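Heads up, work-v8.txt below (compact mmCIF, C-alpha atoms):
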# COMPACT_ATOMS: atom_id res chain seq x y z
CA MET A 1 60.91 80.63 111.78
CA LEU A 2 59.20 79.73 115.04
CA THR A 3 61.34 77.17 116.83
CA LYS A 4 60.40 74.02 118.73
CA ARG A 5 60.61 74.53 122.48
CA ILE A 6 62.39 72.39 125.09
CA ILE A 7 60.79 72.68 128.52
CA PRO A 8 62.18 71.21 131.75
CA CYS A 9 59.51 70.59 134.39
CA LEU A 10 60.23 71.01 138.09
CA ASP A 11 58.09 69.51 140.83
CA ILE A 12 57.85 71.86 143.80
CA LYS A 13 56.83 70.98 147.32
CA ASN A 14 56.73 73.69 150.00
CA GLY A 15 58.87 75.94 147.85
CA ARG A 16 61.60 73.36 147.20
CA THR A 17 62.30 71.11 144.23
CA VAL A 18 61.55 67.51 144.96
CA LYS A 19 63.03 64.29 143.60
CA GLY A 20 66.75 64.18 143.29
CA VAL A 21 68.26 66.71 141.01
CA ASN A 22 71.76 65.83 140.00
CA PHE A 23 73.42 68.99 138.77
CA VAL A 24 77.13 69.23 139.34
CA ASP A 25 77.61 72.94 139.69
CA LEU A 26 74.61 73.85 141.79
CA ARG A 27 75.14 75.11 145.29
CA ASP A 28 71.65 74.05 146.32
CA ALA A 29 69.82 71.61 144.06
CA GLY A 30 66.66 72.02 146.10
CA ASP A 31 66.43 75.72 145.34
CA PRO A 32 64.07 76.24 142.39
CA VAL A 33 65.56 79.65 141.61
CA GLU A 34 69.11 78.29 141.33
CA LEU A 35 67.90 75.46 139.16
CA ALA A 36 65.78 77.71 136.96
CA LYS A 37 68.67 80.10 136.40
CA GLN A 38 70.88 77.19 135.47
CA TYR A 39 68.35 75.82 132.99
CA ALA A 40 67.89 79.25 131.43
CA LYS A 41 71.65 79.48 130.96
CA LEU A 42 71.83 75.99 129.47
CA GLY A 43 69.30 76.84 126.76
CA ALA A 44 65.89 75.84 128.10
CA ASP A 45 63.22 77.75 126.20
CA GLU A 46 60.67 77.82 128.99
CA LEU A 47 60.15 76.28 132.41
CA VAL A 48 57.20 74.64 134.10
CA PHE A 49 56.84 74.57 137.89
CA LEU A 50 54.36 72.08 139.20
CA ASP A 51 53.25 72.69 142.76
CA ILE A 52 52.61 69.38 144.48
CA SER A 53 52.19 70.84 147.97
CA ALA A 54 49.05 69.57 149.56
CA THR A 55 48.73 72.25 152.22
CA LEU A 56 47.68 75.88 152.29
CA GLU A 57 51.04 76.74 153.80
CA GLY A 58 52.73 75.08 150.84
CA ARG A 59 50.71 77.17 148.43
CA LYS A 60 51.77 80.38 150.13
CA THR A 61 55.39 79.33 149.81
CA MET A 62 54.71 78.82 146.10
CA HIS A 63 53.85 82.50 145.69
CA GLU A 64 57.16 83.49 147.26
CA MET A 65 58.95 81.09 144.94
CA VAL A 66 57.19 82.49 141.85
CA LEU A 67 58.20 86.01 142.85
CA LYS A 68 61.83 84.97 143.24
CA VAL A 69 61.87 83.09 139.94
CA ALA A 70 60.36 86.10 138.14
CA GLU A 71 62.95 88.33 139.72
CA HIS A 72 65.95 86.26 138.69
CA VAL A 73 65.05 84.30 135.55
CA ASN A 74 64.93 85.84 132.08
CA ILE A 75 62.89 83.21 130.22
CA PRO A 76 59.14 82.52 130.42
CA PHE A 77 57.67 80.13 132.94
CA THR A 78 54.38 78.41 133.68
CA VAL A 79 53.03 77.51 137.10
CA GLY A 80 50.63 74.62 137.65
CA GLY A 81 49.13 72.60 140.46
CA GLY A 82 46.07 73.24 142.59
CA ILE A 83 44.83 76.24 140.59
CA SER A 84 41.05 76.40 140.64
CA SER A 85 39.87 80.02 140.63
CA ILE A 86 40.34 83.41 139.01
CA LYS A 87 41.90 84.59 142.25
CA ASP A 88 44.49 81.79 142.22
CA VAL A 89 45.52 82.85 138.72
CA ASP A 90 45.47 86.57 139.50
CA ASP A 91 47.78 85.98 142.47
CA LEU A 92 50.25 83.93 140.45
CA LEU A 93 50.33 86.37 137.51
CA HIS A 94 50.85 89.21 139.96
CA CYS A 95 53.84 87.36 141.36
CA GLY A 96 55.27 87.30 137.84
CA ALA A 97 54.23 83.95 136.36
CA ASP A 98 53.81 84.18 132.57
CA LYS A 99 51.29 81.37 132.24
CA VAL A 100 49.29 79.09 134.47
CA SER A 101 48.42 75.49 133.85
CA ILE A 102 45.09 74.05 134.97
CA ASN A 103 44.09 70.42 134.89
CA SER A 104 41.46 68.78 137.11
CA SER A 105 39.77 72.09 137.98
CA ALA A 106 39.06 72.53 134.26
CA VAL A 107 37.57 69.05 133.98
CA LYS A 108 35.40 69.63 137.04
CA ARG A 109 34.24 73.06 135.85
CA PRO A 110 35.09 73.72 132.19
CA GLU A 111 33.71 77.30 132.38
CA LEU A 112 36.86 78.15 134.34
CA ILE A 113 38.76 78.10 131.03
CA ASN A 114 36.39 80.69 129.51
CA GLU A 115 36.61 82.86 132.60
CA LEU A 116 40.40 82.81 132.69
CA ALA A 117 40.77 83.42 128.95
CA ASN A 118 38.37 86.37 129.11
CA LYS A 119 40.00 87.93 132.13
CA PHE A 120 43.69 87.31 131.47
CA GLY A 121 43.87 86.37 127.77
CA SER A 122 44.33 82.96 126.16
CA GLN A 123 48.09 83.42 125.99
CA CYS A 124 48.47 82.65 129.69
CA VAL A 125 46.03 79.74 129.95
CA VAL A 126 47.59 76.31 129.50
CA VAL A 127 45.27 73.34 129.91
CA ALA A 128 47.10 70.20 131.00
CA ILE A 129 45.48 66.94 129.99
CA ASP A 130 46.56 63.56 131.39
CA ALA A 131 45.21 60.71 129.31
CA LYS A 132 45.56 56.95 129.21
CA GLN A 133 44.89 54.72 126.22
CA ILE A 134 42.40 52.03 127.20
CA ASP A 135 41.05 49.64 124.55
CA ASN A 136 42.16 51.96 121.76
CA GLU A 137 40.49 54.97 123.28
CA TRP A 138 42.33 57.84 124.95
CA ILE A 139 40.54 58.55 128.22
CA VAL A 140 41.23 61.71 130.24
CA HIS A 141 42.38 60.92 133.79
CA LEU A 142 42.66 62.98 136.96
CA ALA A 143 44.82 62.77 140.06
CA GLY A 144 48.01 61.76 138.32
CA GLY A 145 46.34 59.18 136.14
CA THR A 146 44.63 57.28 138.94
CA GLN A 147 41.12 58.54 138.36
CA PRO A 148 39.45 57.97 134.97
CA THR A 149 36.82 60.39 133.66
CA THR A 150 34.24 59.86 130.94
CA LEU A 151 36.05 62.34 128.66
CA ASN A 152 37.78 61.39 125.44
CA LEU A 153 41.14 63.16 124.94
CA PHE A 154 40.34 64.56 121.51
CA ASP A 155 36.83 65.75 122.36
CA TRP A 156 38.14 67.42 125.50
CA ALA A 157 41.06 69.03 123.65
CA LYS A 158 38.69 70.53 121.06
CA ASP A 159 36.45 71.76 123.86
CA VAL A 160 39.26 73.46 125.78
CA GLU A 161 40.46 75.14 122.58
CA GLN A 162 37.00 76.52 121.89
CA ARG A 163 36.73 77.74 125.45
CA GLY A 164 39.86 79.83 124.97
CA ALA A 165 42.87 77.79 126.11
CA GLY A 166 46.08 79.13 124.59
CA GLU A 167 48.01 75.89 124.73
CA ILE A 168 47.56 72.20 125.55
CA LEU A 169 50.02 70.19 127.63
CA PHE A 170 49.28 66.55 126.86
CA THR A 171 50.77 63.87 129.10
CA SER A 172 50.36 60.27 128.07
CA MET A 173 50.00 58.19 131.23
CA ASN A 174 50.94 55.11 129.17
CA ASN A 175 54.31 56.64 128.34
CA ASP A 176 55.03 58.70 131.46
CA GLY A 177 58.00 57.33 133.37
CA THR A 178 58.77 54.63 130.80
CA LYS A 179 61.57 56.49 128.98
CA SER A 180 60.38 54.73 125.83
CA GLY A 181 59.38 57.79 123.80
CA PHE A 182 56.40 60.14 123.57
CA ALA A 183 52.89 59.09 122.45
CA ASN A 184 53.49 60.35 118.93
CA ALA A 185 50.45 58.92 117.15
CA ALA A 186 48.06 60.55 119.62
CA LEU A 187 50.11 63.74 119.61
CA ALA A 188 50.03 64.02 115.83
CA LYS A 189 46.28 63.56 115.80
CA LEU A 190 45.89 66.13 118.56
CA SER A 191 48.18 68.65 116.91
CA LYS A 192 46.22 68.38 113.66
CA LEU A 193 42.88 68.64 115.45
CA VAL A 194 43.49 71.87 117.35
CA ASN A 195 44.89 75.19 116.12
CA ILE A 196 46.77 76.04 119.33
CA PRO A 197 50.25 74.84 120.34
CA VAL A 198 50.59 71.35 121.82
CA ILE A 199 53.29 70.42 124.34
CA ALA A 200 54.30 66.74 124.39
CA SER A 201 54.89 65.20 127.80
CA GLY A 202 55.59 61.73 129.12
CA GLY A 203 58.12 59.21 127.89
CA ALA A 204 61.32 61.13 127.15
CA GLY A 205 64.33 58.87 127.46
CA THR A 206 66.69 59.69 124.60
CA ILE A 207 67.54 62.56 122.30
CA GLN A 208 65.92 60.69 119.43
CA HIS A 209 62.62 60.62 121.35
CA PHE A 210 62.54 64.42 121.18
CA ALA A 211 63.34 64.41 117.47
CA ASP A 212 60.57 61.87 116.90
CA THR A 213 57.96 63.82 118.82
CA PHE A 214 58.67 66.93 116.77
CA LYS A 215 58.74 65.05 113.45
CA GLU A 216 56.14 62.32 113.92
CA GLY A 217 54.17 63.74 116.83
CA LYS A 218 54.01 67.24 115.28
CA ALA A 219 54.50 68.66 118.77
CA ASP A 220 55.25 72.37 119.17
CA ALA A 221 57.19 71.83 122.37
CA ALA A 222 58.44 68.92 124.45
CA LEU A 223 58.50 68.72 128.23
CA ALA A 224 60.56 66.40 130.39
CA ALA A 225 61.81 66.17 133.96
CA SER A 226 64.17 63.44 135.08
CA VAL A 227 66.27 63.14 131.90
CA PHE A 228 67.22 66.77 132.40
CA HIS A 229 67.47 66.80 136.19
CA PHE A 230 69.81 63.81 136.28
CA GLY A 231 71.91 65.11 133.43
CA GLU A 232 71.08 62.13 131.21
CA ILE A 233 70.34 64.59 128.43
CA GLU A 234 71.99 67.98 128.26
CA ILE A 235 69.76 70.59 126.71
CA LEU A 236 72.49 72.12 124.58
CA ASN A 237 73.47 68.70 123.17
CA LEU A 238 69.85 67.89 122.60
CA LYS A 239 69.29 71.08 120.63
CA ARG A 240 72.43 70.60 118.55
CA GLU A 241 71.28 67.11 117.63
CA LEU A 242 67.78 68.34 116.78
CA LYS A 243 69.28 71.00 114.52
CA LYS A 244 71.34 68.33 112.74
CA GLN A 245 68.07 66.58 112.06
CA HIS A 246 66.70 69.81 110.52
CA ILE A 247 64.40 70.62 113.42
CA GLN A 248 64.32 74.37 114.10
CA VAL A 249 65.53 75.19 117.59
CA ARG A 250 66.93 78.25 119.38
CA LEU A 251 70.70 77.81 119.66
CA MET B 1 67.79 107.48 135.09
CA LYS B 2 64.08 107.55 135.79
CA VAL B 3 62.16 104.77 134.08
CA VAL B 4 58.38 104.66 134.37
CA ILE B 5 56.22 101.70 133.35
CA ILE B 6 52.72 102.87 132.47
CA ASP B 7 50.37 100.98 134.77
CA TYR B 8 46.84 100.96 133.36
CA GLY B 9 45.79 97.53 134.53
CA ALA B 10 46.88 95.60 131.46
CA GLY B 11 48.62 92.33 132.17
CA ASN B 12 51.71 91.19 133.93
CA ILE B 13 54.09 94.12 134.36
CA LYS B 14 56.04 92.61 137.22
CA SER B 15 58.29 90.82 134.74
CA ILE B 16 59.24 94.09 133.06
CA GLN B 17 59.98 95.71 136.40
CA PHE B 18 62.15 92.75 137.39
CA ALA B 19 63.99 92.83 134.06
CA PHE B 20 65.03 96.43 134.73
CA LYS B 21 65.97 95.50 138.27
CA ARG B 22 68.36 92.90 136.83
CA LEU B 23 69.92 95.78 134.88
CA GLY B 24 70.26 97.77 138.10
CA VAL B 25 67.39 100.18 137.37
CA ASP B 26 64.39 100.68 139.65
CA ALA B 27 61.52 101.18 137.24
CA GLN B 28 58.46 102.84 138.74
CA LEU B 29 54.86 101.82 137.99
CA SER B 30 52.50 104.73 137.45
CA ASN B 31 49.36 105.94 135.72
CA ASN B 32 49.92 109.53 136.86
CA ALA B 33 50.38 111.96 133.95
CA ASP B 34 52.92 114.14 135.76
CA VAL B 35 55.04 111.18 136.82
CA ILE B 36 54.98 109.76 133.28
CA LYS B 37 55.84 113.12 131.70
CA ALA B 38 58.78 113.60 134.06
CA ALA B 39 60.36 110.22 133.25
CA ASP B 40 63.55 109.85 131.20
CA LYS B 41 62.23 106.67 129.61
CA VAL B 42 58.69 105.35 129.39
CA ILE B 43 57.60 101.73 128.96
CA PHE B 44 54.14 101.12 127.54
CA PRO B 45 53.32 97.47 128.27
CA GLY B 46 50.23 95.46 127.44
CA VAL B 47 49.00 91.93 127.60
CA GLY B 48 45.42 90.96 126.92
CA GLU B 49 42.75 92.22 124.57
CA ALA B 50 43.05 95.40 122.48
CA SER B 51 39.60 97.00 122.87
CA SER B 52 39.48 96.60 126.66
CA ALA B 53 43.06 97.91 126.94
CA MET B 54 42.11 100.97 124.85
CA PHE B 55 39.04 101.44 127.04
CA MET B 56 41.26 101.56 130.13
CA LEU B 57 43.62 104.03 128.44
CA ARG B 58 40.74 106.32 127.51
CA GLN B 59 39.27 106.17 131.00
CA SER B 60 42.49 107.44 132.52
CA GLY B 61 43.17 109.96 129.74
CA LEU B 62 46.42 108.17 128.89
CA ASP B 63 45.30 107.89 125.26
CA LYS B 64 45.79 111.65 124.94
CA LEU B 65 49.02 111.75 126.93
CA ILE B 66 51.06 108.97 125.30
CA PRO B 67 51.20 110.36 121.72
CA LYS B 68 52.44 113.71 123.11
CA LEU B 69 55.38 112.27 125.06
CA THR B 70 58.76 113.53 123.90
CA GLN B 71 61.17 111.18 125.70
CA PRO B 72 61.91 107.66 124.36
CA VAL B 73 58.82 105.45 124.71
CA LEU B 74 58.92 101.67 124.26
CA GLY B 75 55.68 99.82 123.59
CA ILE B 76 55.85 96.10 124.30
CA CYS B 77 53.58 93.46 122.70
CA LEU B 78 49.99 94.80 122.88
CA GLY B 79 51.50 98.16 123.85
CA MET B 80 53.11 98.38 120.41
CA GLN B 81 49.91 97.25 118.70
CA LEU B 82 47.90 99.97 120.46
CA MET B 83 50.36 102.57 119.13
CA CYS B 84 49.18 101.72 115.59
CA ASN B 85 46.18 103.12 113.69
CA TYR B 86 43.79 100.25 113.95
CA SER B 87 43.52 96.67 115.25
CA GLU B 88 41.24 93.94 113.99
CA GLU B 89 41.11 92.71 117.59
CA GLY B 90 37.83 94.03 118.94
CA ASN B 91 37.64 96.45 115.96
CA THR B 92 39.82 98.89 117.89
CA LYS B 93 41.01 102.37 116.93
CA GLY B 94 44.55 102.79 118.24
CA LEU B 95 46.70 105.75 119.26
CA GLY B 96 47.77 106.37 115.64
CA ILE B 97 51.45 106.91 116.39
CA PHE B 98 52.53 104.33 113.83
CA ASN B 99 50.83 104.41 110.45
CA ALA B 100 50.12 100.67 110.41
CA ASN B 101 47.32 98.21 111.02
CA VAL B 102 47.08 95.14 113.23
CA LYS B 103 45.70 91.92 111.79
CA ARG B 104 44.94 88.41 113.02
CA PHE B 105 47.24 85.55 112.00
CA ASN B 106 45.83 83.30 109.31
CA LYS B 107 44.37 79.98 110.51
CA ARG B 108 46.94 78.15 108.37
CA VAL B 109 49.26 78.49 111.37
CA LYS B 110 48.69 77.85 115.05
CA VAL B 111 47.33 80.86 116.89
CA PRO B 112 48.71 82.25 119.18
CA GLN B 113 52.25 82.14 117.90
CA MET B 114 54.01 81.05 121.05
CA GLY B 115 57.74 80.71 121.50
CA TRP B 116 61.08 81.86 120.11
CA ASN B 117 61.38 83.26 116.61
CA THR B 118 64.06 85.26 114.80
CA ILE B 119 64.20 88.99 114.12
CA LYS B 120 65.65 90.17 110.81
CA ALA B 121 66.30 93.33 108.77
CA LEU B 122 67.34 95.13 111.94
CA LYS B 123 67.73 98.86 111.56
CA SER B 124 67.79 100.91 114.73
CA LYS B 125 70.08 101.78 117.63
CA LEU B 126 67.66 99.68 119.63
CA PHE B 127 69.40 96.61 118.14
CA LYS B 128 72.97 97.63 118.92
CA ASN B 129 75.05 94.50 119.65
CA ILE B 130 72.14 92.28 118.66
CA ASN B 131 72.74 90.00 115.68
CA GLU B 132 70.61 89.58 112.60
CA GLY B 133 68.59 86.43 113.16
CA GLU B 134 68.66 86.69 116.96
CA PHE B 135 65.88 84.82 118.79
CA MET B 136 63.22 86.64 120.78
CA TYR B 137 60.25 85.31 122.77
CA LEU B 138 56.81 86.05 121.32
CA VAL B 139 53.23 85.31 122.35
CA HIS B 140 50.58 86.86 120.15
CA SER B 141 47.56 86.21 117.95
CA PHE B 142 47.58 89.55 116.14
CA TYR B 143 50.48 91.13 114.23
CA VAL B 144 51.48 94.47 112.72
CA GLU B 145 51.61 94.35 108.94
CA GLU B 146 54.81 95.39 107.18
CA CYS B 147 55.07 99.19 107.05
CA ALA B 148 57.45 102.14 106.66
CA ALA B 149 58.08 102.35 110.41
CA GLN B 150 59.37 98.78 110.76
CA ILE B 151 62.85 98.31 112.18
CA SER B 152 62.73 94.50 112.29
CA THR B 153 60.70 91.75 110.67
CA THR B 154 59.76 88.25 111.76
CA ASN B 155 58.23 85.44 109.75
CA TYR B 156 55.18 83.50 110.88
CA ASP B 157 53.04 82.42 107.96
CA GLU B 158 54.35 85.62 106.35
CA ASP B 159 56.75 88.46 107.14
CA TYR B 160 55.42 91.02 109.57
CA ALA B 161 56.80 94.01 111.49
CA SER B 162 58.19 92.78 114.81
CA ALA B 163 59.57 96.18 115.84
CA LEU B 164 58.66 99.76 114.90
CA GLN B 165 60.13 103.21 115.32
CA LYS B 166 58.94 106.72 114.63
CA ASN B 167 60.81 109.65 116.18
CA ASN B 168 60.98 108.97 119.94
CA PHE B 169 58.47 106.12 119.78
CA TYR B 170 59.62 102.50 119.67
CA GLY B 171 57.62 99.30 119.72
CA VAL B 172 58.54 95.63 119.94
CA GLN B 173 56.16 92.72 119.42
CA PHE B 174 58.41 90.33 121.35
CA HIS B 175 58.97 90.35 125.10
CA PRO B 176 62.52 91.61 125.76
CA GLU B 177 61.93 91.00 129.48
CA LYS B 178 61.56 87.27 128.71
CA SER B 179 64.05 86.98 125.86
CA SER B 180 67.14 85.94 127.78
CA VAL B 181 70.43 87.73 127.11
CA ALA B 182 69.35 89.28 123.80
CA GLY B 183 66.28 90.79 125.42
CA GLU B 184 68.40 92.27 128.19
CA GLN B 185 70.67 93.82 125.59
CA LEU B 186 67.67 95.45 123.92
CA LEU B 187 66.45 96.93 127.20
CA LYS B 188 69.98 98.19 127.87
CA ASN B 189 70.02 99.79 124.41
CA PHE B 190 66.71 101.48 125.14
CA LEU B 191 68.10 102.91 128.37
CA ASP B 192 71.10 104.21 126.39
CA LEU B 193 68.96 106.10 123.83
Is it possible to give me this structure as structure tokens?
Amino acid sequence: MLTKRIIPCLDIKNGRTVKGVNFVDLRDAGDPVELAKQYAKLGADELVFLDISATLEGRKTMHEMVLKVAEHVNIPFTVGGGISSIKDVDDLLHCGADKVSINSSAVKRPELINELANKFGSQCVVVAIDAKQIDNEWIVHLAGGTQPTTLNLFDWAKDVEQRGAGEILFTSMNNDGTKSGFANAALAKLSKLVNIPVIASGGAGTIQHFADTFKEGKADAALAASVFHFGEIEILNLKRELKKQHIQVRL
Amino acid sequence: MKVVIIDYGAGNIKSIQFAFKRLGVDAQLSNNADVIKAADKVIFPGVGEASSAMFMLRQSGLDKLIPKLTQPVLGICLGMQLMCNYSEEGNTKGLGIFNANVKRFNKRVKVPQMGWNTIKALKSKLFKNINEGEFMYLVHSFYVEECAAQISTTNYDEDYASALQKNNFYGVQFHPEKSSVAGEQLLKNFLDL
């Protein structure tokens, strides 16, 4: 049976992981390759690297990082951040990325999704959607949730599916950073609406939150950052607990 | 040991090359018939769409070469699917090495299947030291129906053939290069054939 995936997300700036990462047995917690290898060993099913470099120089460093990760890590990984053209994607896939994640560039020019799916196949096109619930409506936001659009989450999700996205990474801006659980009602609706996998993001605080997002939120995968980086939740423990609750995981 | 990865412009082959590098083997990328024929082991990769991949194979004459190879050949993902008779994807005639057809997953399940699933009913040296029920990483919208050549099955909506073998030809639907320790074991086993 296909298992539910656990995905740590790493923010990368100029080729280094940012925010504190509190891993005891790492020689260099700022080295994305070290960290990725460690996560792969600990049972992560996939990894996401989000490039938050603002400069061209930073982007170049990202390519070197992707090459190194592909060389040393034996699980799949997605790269996101600042991707806006076929060439951007071609470069990253050539460096060994398995999938790319696009966000605001897809909102600004939705045809990009069609172009990428046609050229590289849907399997490597992840569309990330950040949305905030305002007056009972889920509104798609850009720029880390600071910039509202006129798009409704569910309409946009259906659109990206039809354009050829292979997967949707939905981050609830209401839940992100709160450690109070994922946006399960919206996730369940989303997961029922589209016929492609949905990754839940935003709100992970406890092991039970993951169990809930798989059971109630019908998510196919769950992504989190700080709870993993600071060792608050160990992936192996998390998966054992999920299995106890009859959720299929790779152990 | 000379390992050649057939390079016909289909998808991300860097990962496969790196996976062999982790095993201490420098795999060479090539679309040259002589280089491919001279290899000890041949990898036939493929990511993307079936009909355009077949088009590229025909353009380079590789469609004639591959079925005649005599050394162990491992088709991965779309590579394995193209080694079958026919694929529903793009209404594509395949290389006909495996007497099997490729179908699209039913809409009852999410398509593509993406993630880790188990392999069962293992029967080949390719699975030496790999347990029944081991997890492998898969990403695909089309699958090979159950057939005589199957050496493992996986369940997604229904049972399908997740690995095939006929004579010196092997195929795996999953990505051993992305399937952690178990995937590395499989690649090692292939090198040992």
Mind listing as a PyMOL selection string which residues of chain B are within 8 Å of chain A, counting only C-alpha atoms? chain B and resi 11-15+18-19+21-22+47-49+107+109-118+135+139-140+154-156+177-181
Export C-alpha atoms of the chosen residues as a PDB file, in the coordinates of the input?
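Dumped everything to selection06.pdb:
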ATOM      1  CA  GLY B  11      48.620  92.330 132.170  1.00  0.00           C
ATOM      2  CA  ASN B  12      51.710  91.190 133.930  1.00  0.00           C
ATOM      3  CA  ILE B  13      54.090  94.120 134.360  1.00  0.00           C
ATOM      4  CA  LYS B  14      56.040  92.610 137.220  1.00  0.00           C
ATOM      5  CA  SER B  15      58.290  90.820 134.740  1.00  0.00           C
ATOM      6  CA  PHE B  18      62.150  92.750 137.390  1.00  0.00           C
ATOM      7  CA  ALA B  19      63.990  92.830 134.060  1.00  0.00           C
ATOM      8  CA  LYS B  21      65.970  95.500 138.270  1.00  0.00           C
ATOM      9  CA  ARG B  22      68.360  92.900 136.830  1.00  0.00           C
ATOM     10  CA  VAL B  47      49.000  91.930 127.600  1.00  0.00           C
ATOM     11  CA  GLY B  48      45.420  90.960 126.920  1.00  0.00           C
ATOM     12  CA  GLU B  49      42.750  92.220 124.570  1.00  0.00           C
ATOM     13  CA  LYS B 107      44.370  79.980 110.510  1.00  0.00           C
ATOM     14  CA  VAL B 109      49.260  78.490 111.370  1.00  0.00           C
ATOM     15  CA  LYS B 110      48.690  77.850 115.050  1.00  0.00           C
ATOM     16  CA  VAL B 111      47.330  80.860 116.890  1.00  0.00           C
ATOM     17  CA  PRO B 112      48.710  82.250 119.180  1.00  0.00           C
ATOM     18  CA  GLN B 113      52.250  82.140 117.900  1.00  0.00           C
ATOM     19  CA  MET B 114      54.010  81.050 121.050  1.00  0.00           C
ATOM     20  CA  GLY B 115      57.740  80.710 121.500  1.00  0.00           C
ATOM     21  CA  TRP B 116      61.080  81.860 120.110  1.00  0.00           C
ATOM     22  CA  ASN B 117      61.380  83.260 116.610  1.00  0.00           C
ATOM     23  CA  THR B 118      64.060  85.260 114.800  1.00  0.00           C
ATOM     24  CA  PHE B 135      65.880  84.820 118.790  1.00  0.00           C
ATOM     25  CA  VAL B 139      53.230  85.310 122.350  1.00  0.00           C
ATOM     26  CA  HIS B 140      50.580  86.860 120.150  1.00  0.00           C
ATOM     27  CA  THR B 154      59.760  88.250 111.760  1.00  0.00           C
ATOM     28  CA  ASN B 155      58.230  85.440 109.750  1.00  0.00           C
ATOM     29  CA  TYR B 156      55.180  83.500 110.880  1.00  0.00           C
ATOM     30  CA  GLU B 177      61.930  91.000 129.480  1.00  0.00           C
ATOM     31  CA  LYS B 178      61.560  87.270 128.710  1.00  0.00           C
ATOM     32  CA  SER B 179      64.050  86.980 125.860  1.00  0.00           C
ATOM     33  CA  SER B 180      67.140  85.940 127.780  1.00  0.00           C
ATOM     34  CA  VAL B 181      70.430  87.730 127.110  1.00  0.00           C
TER      35      VAL B 181
END
Mind giving me the straight-line distance from atom CA of Gln185 of chain B to atom CA of Lys123 of chain B in Å, one decimal? 15.2 Å
Test item: residues at most 6 Å from segment 168-182 of chain A, only C-alpha atoms, excluding those fewer than 2 positions along its chain, as number ranges by chain: A: 126-132, 184, 198-205, 209
Separation of atom CA of Asn31 of chain B and atom CA of Ile66 of chain B, in Å? 11.0 Å
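Each of B:Met136, B:Ile119, B:Ile130, B:Met80 was compared to Gln165 of chain B using only C-alpha atoms, and B:Met80 turns out to be the nearest.
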For Ser101 of chain A, which residue out of A:Glu64, A:Thr146, A:Leu47, A:Ala36 is the nearest one, using all atoms listed in the file?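 The answer is A:Leu47, which sits nearest to Ser101 of chain A.
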Work out how far apart atom CA of Val172 of chain B and atom CA of Cys84 of chain B are and give it in Å to one decimal. 12.0 Å
Looking at B:Leu29, B:Cys77, B:Met1, B:Ile16, which one is nearest to Tyr137 of chain B, with distances taken over all atoms listed in the file? B:Cys77
